[in-house]
>>> print(open('entry-v8.pdb').read())   # PDB, C-alpha atoms
ATOM      1  CA  MET J   1      36.923  -6.359 -39.701
ATOM      2  CA  ALA J   2      33.709  -5.122 -41.294
ATOM      3  CA  ILE J   3      31.665  -7.568 -39.231
ATOM      4  CA  ASP J   4      33.294  -6.379 -35.996
ATOM      5  CA  THR J   5      32.617  -2.768 -36.984
ATOM      6  CA  PHE J   6      28.977  -3.586 -37.715
ATOM      7  CA  ILE J   7      28.557  -5.306 -34.352
ATOM      8  CA  GLY J   8      30.155  -2.346 -32.584
ATOM      9  CA  VAL J   9      27.821   0.128 -34.290
ATOM     10  CA  GLU J  10      24.834  -2.061 -33.394
ATOM     11  CA  GLU J  11      25.851  -2.100 -29.730
ATOM     12  CA  ILE J  12      26.222   1.676 -29.750
ATOM     13  CA  LEU J  13      22.806   2.177 -31.338
ATOM     14  CA  GLN J  14      21.123  -0.229 -28.902
ATOM     15  CA  PRO J  15      19.340   1.688 -26.109
ATOM     16  CA  SER J  16      20.785   1.448 -22.636
ATOM     17  CA  ARG J  17      19.147  -0.560 -19.864
ATOM     18  CA  GLY J  18      17.928   2.631 -18.234
ATOM     19  CA  ALA J  19      16.296   3.761 -21.462
ATOM     20  CA  GLN J  20      14.695   0.348 -21.928
ATOM     21  CA  LEU J  21      13.360   0.419 -18.371
ATOM     22  CA  ARG J  22      11.900   3.902 -18.855
ATOM     23  CA  THR J  23      10.284   2.776 -22.098
ATOM     24  CA  ARG J  24       8.677  -0.231 -20.376
ATOM     25  CA  ILE J  25       7.439   1.887 -17.479
ATOM     26  CA  PHE J  26       6.003   4.750 -19.510
ATOM     27  CA  GLY J  27       4.587   2.321 -22.049
ATOM     28  CA  HIS J  28       2.693   0.277 -19.454
ATOM     29  CA  ALA J  29      -0.833   1.648 -19.110
ATOM     30  CA  ALA J  30      -1.548   0.050 -15.719
ATOM     31  CA  VAL J  31       1.632   1.448 -14.158
ATOM     32  CA  MET J  32       0.995   4.936 -15.469
ATOM     33  CA  LEU J  33      -2.654   4.951 -14.401
ATOM     34  CA  GLY J  34      -1.917   3.569 -10.942
ATOM     35  CA  ALA J  35       1.044   5.880 -10.378
ATOM     36  CA  THR J  36      -0.940   8.915 -11.536
ATOM     37  CA  VAL J  37      -3.814   8.238  -9.134
ATOM     38  CA  ILE J  38      -1.449   7.507  -6.220
ATOM     39  CA  LEU J  39       0.619  10.638  -6.860
ATOM     40  CA  PHE J  40      -2.566  12.709  -7.077
ATOM     41  CA  ILE J  41      -3.879  11.372  -3.766
ATOM     42  CA  LEU J  42      -0.437  11.848  -2.204
ATOM     43  CA  ALA J  43      -0.307  15.456  -3.396
ATOM     44  CA  VAL J  44      -3.793  16.050  -1.982
ATOM     45  CA  ALA J  45      -2.755  14.542   1.357
ATOM     46  CA  LEU J  46       0.392  16.671   1.579
ATOM     47  CA  ALA J  47      -1.456  19.861   0.630
ATOM     48  CA  ALA J  48      -4.501  19.130   2.828
ATOM     49  CA  PRO J  49      -4.206  22.293   4.999
ATOM     50  CA  TRP J  50      -4.288  24.460   1.862
ATOM     51  CA  LEU J  51      -6.820  22.455  -0.161
ATOM     52  CA  ALA J  52      -9.464  21.803   2.503
ATOM     53  CA  PRO J  53     -12.079  24.587   2.331
ATOM     54  CA  HIS J  54     -13.253  24.054   5.935
ATOM     55  CA  ASP J  55     -12.094  22.631   9.227
ATOM     56  CA  PRO J  56     -12.735  18.865   8.951
ATOM     57  CA  PHE J  57     -13.690  18.718  12.652
ATOM     58  CA  ALA J  58     -15.972  21.772  12.777
ATOM     59  CA  GLN J  59     -19.597  20.823  13.477
ATOM     60  CA  ASP J  60     -22.674  22.820  12.495
ATOM     61  CA  LEU J  61     -25.973  20.992  13.040
ATOM     62  CA  SER J  62     -27.823  23.652  11.066
ATOM     63  CA  GLN J  63     -25.860  22.504   7.982
ATOM     64  CA  ARG J  64     -26.240  18.754   8.467
ATOM     65  CA  LEU J  65     -26.676  16.394   5.490
ATOM     66  CA  ILE J  66     -26.434  19.047   2.787
ATOM     67  CA  PRO J  67     -26.221  17.163  -0.538
ATOM     68  CA  PRO J  68     -23.274  17.508  -2.948
ATOM     69  CA  ILE J  69     -23.191  20.179  -5.616
ATOM     70  CA  TRP J  70     -24.642  17.922  -8.337
ATOM     71  CA  HIS J  71     -27.934  17.681  -6.394
ATOM     72  CA  ALA J  72     -30.588  20.343  -6.738
ATOM     73  CA  GLN J  73     -30.208  21.337  -3.072
ATOM     74  CA  GLY J  74     -26.408  21.386  -3.264
ATOM     75  CA  SER J  75     -24.283  24.402  -2.422
ATOM     76  CA  TRP J  76     -20.854  25.560  -3.567
ATOM     77  CA  THR J  77     -20.076  26.275   0.068
ATOM     78  CA  HIS J  78     -19.933  22.520   0.619
ATOM     79  CA  VAL J  79     -19.010  20.987  -2.736
ATOM     80  CA  LEU J  80     -19.370  17.364  -1.568
ATOM     81  CA  GLY J  81     -22.042  18.159   1.001
ATOM     82  CA  THR J  82     -21.927  17.625   4.755
ATOM     83  CA  ASP J  83     -22.332  14.693   7.114
ATOM     84  CA  GLN J  84     -24.824  14.088   9.916
ATOM     85  CA  LEU J  85     -22.984  16.565  12.164
ATOM     86  CA  GLY J  86     -22.678  19.289   9.574
ATOM     87  CA  ARG J  87     -18.972  18.717   8.884
ATOM     88  CA  ASP J  88     -17.741  19.507   5.387
ATOM     89  CA  TYR J  89     -17.340  16.224   3.499
ATOM     90  CA  LEU J  90     -14.709  17.437   1.037
ATOM     91  CA  SER J  91     -12.460  18.580   3.885
ATOM     92  CA  ARG J  92     -12.871  15.286   5.727
ATOM     93  CA  LEU J  93     -12.205  13.356   2.524
ATOM     94  CA  ILE J  94      -8.996  15.313   1.911
ATOM     95  CA  TYR J  95      -7.702  14.797   5.443
ATOM     96  CA  GLY J  96      -8.811  11.157   5.364
ATOM     97  CA  SER J  97      -6.345  10.512   2.536
ATOM     98  CA  ARG J  98      -3.551  11.226   5.015
ATOM     99  CA  ILE J  99      -4.743   8.471   7.341
ATOM    100  CA  SER J 100      -5.111   5.877   4.579
ATOM    101  CA  LEU J 101      -1.701   6.578   3.065
ATOM    102  CA  LEU J 102      -0.006   6.715   6.464
ATOM    103  CA  VAL J 103      -1.527   3.424   7.600
ATOM    104  CA  GLY J 104      -0.789   1.693   4.310
ATOM    105  CA  ALA J 105       2.816   2.866   3.963
ATOM    106  CA  THR J 106       3.798   2.417   7.616
ATOM    107  CA  ALA J 107       2.165  -0.989   8.050
ATOM    108  CA  ALA J 108       3.734  -2.206   4.792
ATOM    109  CA  ALA J 109       7.162  -0.953   5.903
ATOM    110  CA  MET J 110       6.884  -2.740   9.257
ATOM    111  CA  SER J 111       5.718  -5.928   7.578
ATOM    112  CA  ALA J 112       8.554  -5.713   5.061
ATOM    113  CA  MET J 113      11.181  -5.450   7.794
ATOM    114  CA  ILE J 114       9.824  -8.438   9.723
ATOM    115  CA  GLY J 115       8.996 -10.686   6.792
ATOM    116  CA  THR J 116      12.132  -9.927   4.772
ATOM    117  CA  THR J 117      14.375 -10.594   7.752
ATOM    118  CA  LEU J 118      12.760 -13.946   8.485
ATOM    119  CA  GLY J 119      12.630 -14.944   4.826
ATOM    120  CA  VAL J 120      16.280 -14.142   4.151
ATOM    121  CA  LEU J 121      17.447 -15.975   7.261
ATOM    122  CA  GLY J 122      15.444 -19.076   6.457
ATOM    123  CA  GLY J 123      16.280 -19.066   2.753
ATOM    124  CA  TYR J 124      20.005 -18.406   3.135
ATOM    125  CA  PHE J 125      20.946 -20.565   6.100
ATOM    126  CA  GLY J 126      18.447 -23.408   5.609
ATOM    127  CA  GLY J 127      18.536 -26.353   8.008
ATOM    128  CA  ARG J 128      17.276 -25.705  11.510
ATOM    129  CA  VAL J 129      17.036 -21.967  10.926
ATOM    130  CA  ASP J 130      14.693 -22.602   8.026
ATOM    131  CA  LEU J 131      12.646 -25.023  10.126
ATOM    132  CA  VAL J 132      12.156 -22.349  12.788
ATOM    133  CA  VAL J 133      11.256 -19.716  10.194
ATOM    134  CA  THR J 134       8.823 -22.092   8.491
ATOM    135  CA  PHE J 135       7.177 -22.848  11.841
ATOM    136  CA  ILE J 136       6.791 -19.122  12.554
ATOM    137  CA  ILE J 137       5.288 -18.515   9.114
ATOM    138  CA  THR J 138       2.896 -21.446   9.498
ATOM    139  CA  THR J 139       1.817 -20.190  12.928
ATOM    140  CA  ARG J 140       1.149 -16.749  11.502
ATOM    141  CA  LEU J 141      -0.841 -18.178   8.573
ATOM    142  CA  ALA J 142      -3.031 -20.076  11.039
ATOM    143  CA  MET J 143      -4.097 -16.789  12.645
ATOM    144  CA  PRO J 144      -6.949 -14.941  10.873
ATOM    145  CA  VAL J 145      -5.798 -11.338  10.505
ATOM    146  CA  ILE J 146      -9.123  -9.588  10.918
ATOM    147  CA  LEU J 147     -10.135 -11.591  14.016
ATOM    148  CA  VAL J 148      -6.775 -11.035  15.714
ATOM    149  CA  ALA J 149      -6.886  -7.336  14.880
ATOM    150  CA  LEU J 150     -10.416  -7.056  16.263
ATOM    151  CA  ALA J 151      -9.430  -8.878  19.464
ATOM    152  CA  VAL J 152      -6.358  -6.693  20.025
ATOM    153  CA  ALA J 153      -8.287  -3.499  19.350
ATOM    154  CA  ALA J 154     -11.079  -4.624  21.691
ATOM    155  CA  PHE J 155      -8.695  -5.414  24.574
ATOM    156  CA  ILE J 156      -6.120  -2.646  24.181
ATOM    157  CA  GLY J 157      -8.228   0.089  22.642
ATOM    158  CA  SER J 158      -8.291   1.801  19.281
ATOM    159  CA  SER J 159      -5.966   4.520  18.036
ATOM    160  CA  LEU J 160      -3.983   5.292  14.924
ATOM    161  CA  GLU J 161      -0.751   3.995  16.456
ATOM    162  CA  ILE J 162      -2.346   0.721  17.616
ATOM    163  CA  VAL J 163      -3.945   0.084  14.225
ATOM    164  CA  ILE J 164      -0.614   0.614  12.445
ATOM    165  CA  ALA J 165       1.251  -1.608  14.929
ATOM    166  CA  VAL J 166      -1.317  -4.422  14.747
ATOM    167  CA  LEU J 167      -1.407  -4.430  10.950
ATOM    168  CA  GLY J 168       2.373  -4.202  10.710
ATOM    169  CA  LEU J 169       2.770  -7.200  13.013
ATOM    170  CA  LEU J 170       0.190  -9.292  11.158
ATOM    171  CA  LEU J 171       0.845  -8.698   7.449
ATOM    172  CA  TRP J 172       4.450  -9.877   7.123
ATOM    173  CA  ASP J 173       3.788 -13.480   6.069
ATOM    174  CA  ARG J 174       3.703 -12.776   2.324
ATOM    175  CA  PHE J 175       7.026 -10.958   2.556
ATOM    176  CA  ALA J 176       8.531 -13.916   4.416
ATOM    177  CA  VAL J 177       7.268 -16.536   1.963
ATOM    178  CA  VAL J 178       8.373 -14.623  -1.147
ATOM    179  CA  THR J 179      11.745 -13.623   0.332
ATOM    180  CA  ARG J 180      12.492 -17.167   1.534
ATOM    181  CA  SER J 181      11.697 -18.650  -1.866
ATOM    182  CA  ALA J 182      13.677 -16.023  -3.787
ATOM    183  CA  THR J 183      16.675 -16.333  -1.453
ATOM    184  CA  MET J 184      16.745 -20.101  -1.913
ATOM    185  CA  GLN J 185      16.866 -19.579  -5.670
ATOM    186  CA  VAL J 186      19.786 -17.123  -5.672
ATOM    187  CA  ARG J 187      21.941 -18.469  -2.829
ATOM    188  CA  SER J 188      23.428 -21.195  -5.050
ATOM    189  CA  LEU J 189      24.180 -18.946  -8.035
ATOM    190  CA  ASP J 190      27.697 -18.203  -9.222
ATOM    191  CA  TYR J 191      27.943 -14.633  -7.976
ATOM    192  CA  ILE J 192      27.074 -15.745  -4.437
ATOM    193  CA  ALA J 193      29.770 -18.447  -4.633
ATOM    194  CA  ALA J 194      32.226 -15.836  -5.918
ATOM    195  CA  ALA J 195      31.397 -13.515  -3.031
ATOM    196  CA  ARG J 196      32.068 -16.334  -0.569
ATOM    197  CA  ALA J 197      35.324 -17.200  -2.359
ATOM    198  CA  ILE J 198      36.741 -13.688  -1.941
ATOM    199  CA  GLY J 199      35.934 -13.761   1.763
ATOM    200  CA  SER J 200      32.799 -11.601   1.916
ATOM    201  CA  SER J 201      30.983 -11.760   5.229
ATOM    202  CA  THR J 202      27.500 -13.218   5.527
ATOM    203  CA  ALA J 203      26.039  -9.803   6.255
ATOM    204  CA  ARG J 204      27.653  -8.334   3.142
ATOM    205  CA  ILE J 205      26.426 -11.190   0.963
ATOM    206  CA  ILE J 206      22.871 -10.756   2.217
ATOM    207  CA  LEU J 207      22.802  -6.960   2.058
ATOM    208  CA  VAL J 208      24.835  -6.390  -1.114
ATOM    209  CA  GLU J 209      24.321  -9.519  -3.207
ATOM    210  CA  ILE J 210      20.978 -11.083  -2.281
ATOM    211  CA  LEU J 211      18.595  -8.271  -1.300
ATOM    212  CA  PRO J 212      19.219  -6.078  -4.392
ATOM    213  CA  ASN J 213      18.569  -9.078  -6.644
ATOM    214  CA  ILE J 214      15.226  -9.950  -5.038
ATOM    215  CA  ALA J 215      14.082  -6.339  -4.613
ATOM    216  CA  ASN J 216      11.737  -6.530  -7.625
ATOM    217  CA  ALA J 217       9.617  -9.204  -5.975
ATOM    218  CA  LEU J 218       9.587  -7.313  -2.682
ATOM    219  CA  VAL J 219       8.342  -4.121  -4.340
ATOM    220  CA  VAL J 220       5.384  -5.987  -5.814
ATOM    221  CA  VAL J 221       4.581  -7.582  -2.448
ATOM    222  CA  ALA J 222       4.836  -4.168  -0.775
ATOM    223  CA  THR J 223       2.153  -2.724  -3.047
ATOM    224  CA  LEU J 224      -0.180  -5.639  -2.318
ATOM    225  CA  GLU J 225       0.360  -5.371   1.430
ATOM    226  CA  MET J 226      -0.157  -1.614   1.369
ATOM    227  CA  ALA J 227      -3.519  -2.055  -0.341
ATOM    228  CA  GLN J 228      -4.490  -4.783   2.127
ATOM    229  CA  ALA J 229      -3.495  -2.624   5.098
ATOM    230  CA  ILE J 230      -5.652   0.251   3.825
ATOM    231  CA  LEU J 231      -8.655  -2.047   3.421
ATOM    232  CA  LEU J 232      -8.149  -3.609   6.853
ATOM    233  CA  GLU J 233      -7.902  -0.181   8.478
ATOM    234  CA  ALA J 234     -11.151   0.815   6.782
ATOM    235  CA  THR J 235     -12.741  -2.446   7.942
ATOM    236  CA  LEU J 236     -11.658  -1.945  11.551
ATOM    237  CA  SER J 237     -12.810   1.677  11.504
ATOM    238  CA  PHE J 238     -16.150   0.622  10.019
ATOM    239  CA  LEU J 239     -16.595  -1.885  12.852
ATOM    240  CA  GLY J 240     -15.758   0.780  15.438
ATOM    241  CA  LEU J 241     -12.409  -0.725  16.473
ATOM    242  CA  GLY J 242     -10.082   1.190  14.173
ATOM    243  CA  ILE J 243      -9.358   4.912  14.004
ATOM    244  CA  PRO J 244     -11.509   6.541  16.716
ATOM    245  CA  PRO J 245     -13.791   9.493  15.925
ATOM    246  CA  PRO J 246     -13.704  12.333  15.126
ATOM    247  CA  ALA J 247     -10.702  11.468  12.919
ATOM    248  CA  PRO J 248     -11.689  11.644   9.220
ATOM    249  CA  SER J 249     -10.889   8.024   8.342
ATOM    250  CA  TRP J 250     -12.598   6.897   5.138
ATOM    251  CA  GLY J 251     -13.745   3.675   6.789
ATOM    252  CA  LEU J 252     -15.109   5.621   9.745
ATOM    253  CA  MET J 253     -16.907   7.992   7.363
ATOM    254  CA  VAL J 254     -18.655   4.995   5.788
ATOM    255  CA  ALA J 255     -19.564   3.654   9.232
ATOM    256  CA  GLU J 256     -20.974   6.987  10.402
ATOM    257  CA  GLY J 257     -23.031   7.357   7.249
ATOM    258  CA  LYS J 258     -24.541   3.874   7.037
ATOM    259  CA  GLU J 259     -27.640   4.958   8.966
ATOM    260  CA  TYR J 260     -28.372   7.633   6.353
ATOM    261  CA  MET J 261     -27.420   5.763   3.189
ATOM    262  CA  PHE J 262     -31.004   5.304   1.929
ATOM    263  CA  PHE J 263     -31.867   9.016   2.102
ATOM    264  CA  SER J 264     -28.381  10.540   1.750
ATOM    265  CA  PRO J 265     -26.376   7.937  -0.175
ATOM    266  CA  TRP J 266     -23.406  10.261  -0.812
ATOM    267  CA  VAL J 267     -22.285   9.855   2.814
ATOM    268  CA  ILE J 268     -21.094   6.314   2.011
ATOM    269  CA  THR J 269     -20.561   6.428  -1.761
ATOM    270  CA  ILE J 270     -18.025   9.283  -1.654
ATOM    271  CA  PRO J 271     -15.575   7.747   0.874
ATOM    272  CA  GLY J 272     -16.252   4.304  -0.619
ATOM    273  CA  ALA J 273     -15.313   5.576  -4.076
ATOM    274  CA  ALA J 274     -12.149   7.145  -2.660
ATOM    275  CA  LEU J 275     -11.139   3.836  -1.053
ATOM    276  CA  PHE J 276     -11.901   1.984  -4.263
ATOM    277  CA  ALA J 277      -9.798   4.376  -6.359
ATOM    278  CA  LEU J 278      -6.798   4.249  -4.013
ATOM    279  CA  VAL J 279      -6.750   0.466  -3.592
ATOM    280  CA  LEU J 280      -7.323  -0.100  -7.312
ATOM    281  CA  ALA J 281      -4.462   2.275  -8.164
ATOM    282  CA  ILE J 282      -2.085   0.482  -5.802
ATOM    283  CA  ASN J 283      -3.031  -2.921  -7.225
ATOM    284  CA  LEU J 284      -2.622  -1.651 -10.794
ATOM    285  CA  LEU J 285       0.814  -0.319  -9.925
ATOM    286  CA  GLY J 286       1.818  -3.606  -8.294
ATOM    287  CA  ASP J 287       0.577  -5.717 -11.220
ATOM    288  CA  GLY J 288       2.346  -3.431 -13.670
ATOM    289  CA  LEU J 289       5.629  -3.582 -11.773
ATOM    290  CA  ARG J 290       5.354  -7.374 -11.715
ATOM    291  CA  ASP J 291       4.948  -7.403 -15.497
ATOM    292  CA  ILE J 292       7.882  -5.045 -16.015
ATOM    293  CA  ALA J 293      10.151  -7.001 -13.662
ATOM    294  CA  ALA J 294       9.336 -10.365 -15.282
ATOM    295  CA  PRO J 295      12.445 -11.958 -16.833
ATOM    296  CA  GLU J 296      10.869 -12.259 -20.289
ATOM    297  CA  ASN J 297      10.311  -8.470 -20.365
ATOM    298  CA  ARG J 298      13.819  -7.409 -19.449
ATOM    299  CA  SER J 299      15.428  -7.885 -22.820
TER     300      SER J 299
END
>>> encode(input="entry-v8.pdb", output="structure tokens")
Amino acid sequence: MAIDTFIGVEEILQPSRGAQLRTRIFGHAAVMLGATVILFILAVALAAPWLAPHDPFAQDLSQRLIPPIWHAQGSWTHVLGTDQLGRDYLSRLIYGSRISLLVGATAAAMSAMIGTTLGVLGGYFGGRVDLVVTFIITTRLAMPVILVALAVAAFIGSSLEIVIAVLGLLLWDRFAVVTRSATMQVRSLDYIAAARAIGSSTARIILVEILPNIANALVVVATLEMAQAILLEATLSFLGLGIPPPAPSWGLMVAEGKEYMFFSPWVITIPGAALFALVLAINLLGDGLRDIAAPENRS
């Protein structure tokens, strides 16, 4: 009786799963650092109309290439200086965060829908369905993303919508591979067999039993794909086939400033540092979530 009472008290004193999860999240330095930077950039993007001190599209050639405030010739009127057309760099940097986050989140969401659907179908049904899915994945892996994106942008034209659509249609392969592998692992487990035994439909098994149990892996993949989409958008914009000017894309800002980088290096270092910080934060968050979701860290 005393032993049973002791065990009961121990179970009561043991923290709940939610408390354990919160402890792992708030105790993981990479997750906290990445989430803090991402939330800060997101807040800046949402509050851009109120934070930007100037119109990001307003040109004033008499104010061109003013250095940032930490230079001797800097001015508090333009804290981060101006570009070659006299546009305020801080305002363009703030509005550029909207483009990067929008491209990254939307392209990752599109890729997740395509890749997860294919991966679940191939992993759950197997057989000929899996052969077709594997062939589609192999075909996609044989296509270099950056070259296909450049070709599409060159033939169709460049715009924000086209960049998002192209990246969303090209970055789903990692979702498909991870989802297919994870679905194959869980489809033969006891709870899936129990769901079939009570007459659950295939759609219910996939949506209610399989997807929630592989969501941890998909979240990690989503962070990686979001970071890759942001870098690819910056690459396309730098090459002149991404977001068209005068939109304040960070990649386009680097491209427009490359001719002045030896005499006015801030025109490429500032947007480059912003890209570096955002992509690093997303990768830190993804790596941290992978560590937290690992089976050995759940107990």
>>> residues_around(input="entry-v8.pdb", residues="J:Leu224", least_positions_apart="3", cutoff="9 Å", atoms="only C-alpha atoms", output="MDAnalysis selection string")
chainID J and resid 108 219:221 227:229 282:283 286:287
>>> write_last_selection(input="entry-v8.pdb", atoms="C-alpha atoms", output="PDB file, in the frame of the given file")
ATOM      1  CA  ALA J 108       3.734  -2.206   4.792  1.00  0.00           C
ATOM      2  CA  VAL J 219       8.342  -4.121  -4.340  1.00  0.00           C
ATOM      3  CA  VAL J 220       5.384  -5.987  -5.814  1.00  0.00           C
ATOM      4  CA  VAL J 221       4.581  -7.582  -2.448  1.00  0.00           C
ATOM      5  CA  ALA J 227      -3.519  -2.055  -0.341  1.00  0.00           C
ATOM      6  CA  GLN J 228      -4.490  -4.783   2.127  1.00  0.00           C
ATOM      7  CA  ALA J 229      -3.495  -2.624   5.098  1.00  0.00           C
ATOM      8  CA  ILE J 282      -2.085   0.482  -5.802  1.00  0.00           C
ATOM      9  CA  ASN J 283      -3.031  -2.921  -7.225  1.00  0.00           C
ATOM     10  CA  GLY J 286       1.818  -3.606  -8.294  1.00  0.00           C
ATOM     11  CA  ASP J 287       0.577  -5.717 -11.220  1.00  0.00           C
TER      12      ASP J 287
END
>>> resolve_selection(input="entry-v8.pdb", expression="the PyMOL selection byres ((chain J and resi 167) around 10)", output="list in words")
Val103, Gly104, Thr106, Ala107, Ala108, Met110, Ser111, Val145, Ile146, Val148, Ala149, Ile162, Val163, Ile164, Ala165, Val166, Gly168, Leu169, Leu170, Leu171, Trp172, Glu225, Gln228, Ala229, Ile230, Leu232 and Glu233 of chain J
>>> closest_residue(input="entry-v8.pdb", among="J:Ala151, J:Val120, J:Val133, J:Leu218", to="J:Leu289", atoms="all atoms listed in the file")
J:Leu218
>>> atom_distance(input="entry-v8.pdb", atom1="atom CA of J:Met184", atom2="atom CA of J:Gly126")
8.4 Å
>>> resolve_selection(input="entry-v8.pdb", expression="the PyMOL selection byres ((chain J and resi 123) around 12)", output="NGL selection string")
:J and (115-122 or 124-134 or 176-188 or 206 or 210-211)
>>> atom_distance(input="entry-v8.pdb", atom1="atom CA of J:Gly74", atom2="atom CA of J:Asp88")
12.4 Å
>>> closest_residue(input="entry-v8.pdb", among="J:Tyr95, J:Phe40, J:Trp250, J:Tyr191", to="J:Thr235", atoms="all atoms listed in the file")
J:Trp250
>>> resolve_selection(input="entry-v8.pdb", expression="the PyMOL selection byres ((chain J and resi 37) around 12)", output="list in words")
Ala30, Val31, Met32, Leu33, Gly34, Ala35, Thr36, Ile38, Leu39, Phe40, Ile41, Leu42, Ala43, Val44, Ala274, Leu275, Phe276, Ala277, Leu278, Val279, Leu280, Ala281, Ile282, Asn283, Leu284 and Leu285 of chain J
>>> residues_around(input="entry-v8.pdb", residues="J:Ser158", least_positions_apart="4", cutoff="10 Å", atoms="only C-alpha atoms", output="list in words")
Leu150, Val152, Ala153, Ala154, Ile162, Val163, Leu236, Ser237, Gly240, Leu241, Gly242, Ile243 and Pro244 of chain J
>>> write_last_selection(input="entry-v8.pdb", atoms="C-alpha atoms", output="PDB file, in the frame of the given file")
ATOM      1  CA  LEU J 150     -10.416  -7.056  16.263  1.00  0.00           C
ATOM      2  CA  VAL J 152      -6.358  -6.693  20.025  1.00  0.00           C
ATOM      3  CA  ALA J 153      -8.287  -3.499  19.350  1.00  0.00           C
ATOM      4  CA  ALA J 154     -11.079  -4.624  21.691  1.00  0.00           C
ATOM      5  CA  ILE J 162      -2.346   0.721  17.616  1.00  0.00           C
ATOM      6  CA  VAL J 163      -3.945   0.084  14.225  1.00  0.00           C
ATOM      7  CA  LEU J 236     -11.658  -1.945  11.551  1.00  0.00           C
ATOM      8  CA  SER J 237     -12.810   1.677  11.504  1.00  0.00           C
ATOM      9  CA  GLY J 240     -15.758   0.780  15.438  1.00  0.00           C
ATOM     10  CA  LEU J 241     -12.409  -0.725  16.473  1.00  0.00           C
ATOM     11  CA  GLY J 242     -10.082   1.190  14.173  1.00  0.00           C
ATOM     12  CA  ILE J 243      -9.358   4.912  14.004  1.00  0.00           C
ATOM     13  CA  PRO J 244     -11.509   6.541  16.716  1.00  0.00           C
TER      14      PRO J 244
END
>>> residues_around(input="entry-v8.pdb", residues="J:Lys258", least_positions_apart="2", cutoff="12 Å", atoms="all atoms listed in the file", output="list in words")
Asp83, Gln84, Phe238, Leu239, Gly251, Leu252, Met253, Val254, Ala255, Glu256, Tyr260, Met261, Phe262, Phe263, Ser264, Pro265, Trp266, Val267, Ile268, Thr269, Pro271 and Gly272 of chain J
>>> atom_distance(input="entry-v8.pdb", atom1="atom CA of J:Ala193", atom2="atom CA of J:Pro212")
16.3 Å
